[in-house]
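Report on the structure given below.
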Amino acid sequence: GYWYLKGSIDYCVEHYGQVIGMTTVVYPHVAQKFGTTGVRVERNLRHAIECAWDNGGVSSIDAQHKIFGYTVNDAKGRPTNKEFIAMIADRTVHKLKRR
């Protein structure tokens, strides 16, 4: 799941500012890159994000709030794949612009 997540974020950073459909553009692109299917990419992304989200202590909650801000909702649980990837891509683009 990690490599699919990295590939998805990289794609979104490269195409930042464009309207990108996750299931119609990103998942198929990553699937083709890794020789798998879009369904497997989606499922592995969900699992990787869930593991990253749930396997942390108090410090990870602080990190979650720092990175995801208002999208973190304890009642809601982890963000969707699209929310997670979009927030990381957005943060990456803004950090690259500050260099």
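Please note that chains go A, B, ... in the order of the structure tokens, that every chain numbers its residues from 1, and that ligands are numbered from 1 in the order shown.
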
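Neighbouring residues of range 81-93 of chain A at 7 Å or closer, counting only C-alpha atoms and skipping chain neighbours under 5 positions away, are A:Ile9, A:Cys12, A:Val13, A:Met22, A:Leu45, A:Arg46, A:Phe68.
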
I'd like the contact shell of Val26 in chain A - 8 Å cut-off, only C-alpha atoms, skipping same-chain residues fewer than 6 positions apart - returned as a PDB file with N, CA and C atoms, in the first residue's frame.
```pdb
ATOM      1  N   SER A   8       0.406   7.684  -5.817  1.00  0.00           N
ATOM      2  CA  SER A   8      -0.792   8.520  -5.918  1.00  0.00           C
ATOM      3  C   SER A   8      -0.496   9.962  -5.538  1.00  0.00           C
ATOM      4  N   TYR A  11       1.632  11.618  -8.257  1.00  0.00           N
ATOM      5  CA  TYR A  11       0.808  11.968  -9.422  1.00  0.00           C
ATOM      6  C   TYR A  11       0.009  13.241  -9.136  1.00  0.00           C
ATOM      7  N   CYS A  12      -0.575  13.319  -7.960  1.00  0.00           N
ATOM      8  CA  CYS A  12      -1.384  14.498  -7.607  1.00  0.00           C
ATOM      9  C   CYS A  12      -0.528  15.754  -7.477  1.00  0.00           C
ATOM     10  N   ILE A  20      -8.729  16.149 -10.850  1.00  0.00           N
ATOM     11  CA  ILE A  20      -8.268  14.770 -11.026  1.00  0.00           C
ATOM     12  C   ILE A  20      -9.257  13.829 -10.356  1.00  0.00           C
TER      13      ILE A  20
END
```

**Request:** Tell me which of A:Lys97, A:His65, A:Arg78, A:Lys6 sits closest to Phe34 in chain A, counting only C-alpha atoms.
**Result:** A:Lys6

**Item:** Selected residue of minimal separation from Pro28 in chain A among A:Ala63, A:Cys51, A:Leu5, A:Val41, counting only C-alpha atoms
**Value:**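 Using only C-alpha atoms, Pro28 in chain A sits closest to A:Val41.
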
**Asked** A:Val30, A:Thr24, A:Lys66, A:Gly17: which is nearest Trp3 in chain A, counting only C-alpha atoms?
**Response**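 Among the listed residues, the smallest separation from Trp3 in chain A belongs to A:Val30.
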
**Request:** Name the residues of range 2-83 of chain A that fall into helix (DSSP H, G or I) according to DSSP on the backbone, using the chain letters and numbers of this document, as a ChimeraX atom specification.
**Result:** /A:2-14,22-34,38-54,58-71,81-83

**Item:** Gap from CA of Lys33 in chain A to CA of Gly7 in chain A - Å, one decimal
**Value:** 8.5 Å

**Asked** Between A:Glu50, A:Tyr16, A:Thr36, A:Arg99, which one has atoms that come closest to Gly77 in chain A, using only C-alpha atoms?
**Response**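 Closest to Gly77 in chain A of all the choices is A:Glu50.
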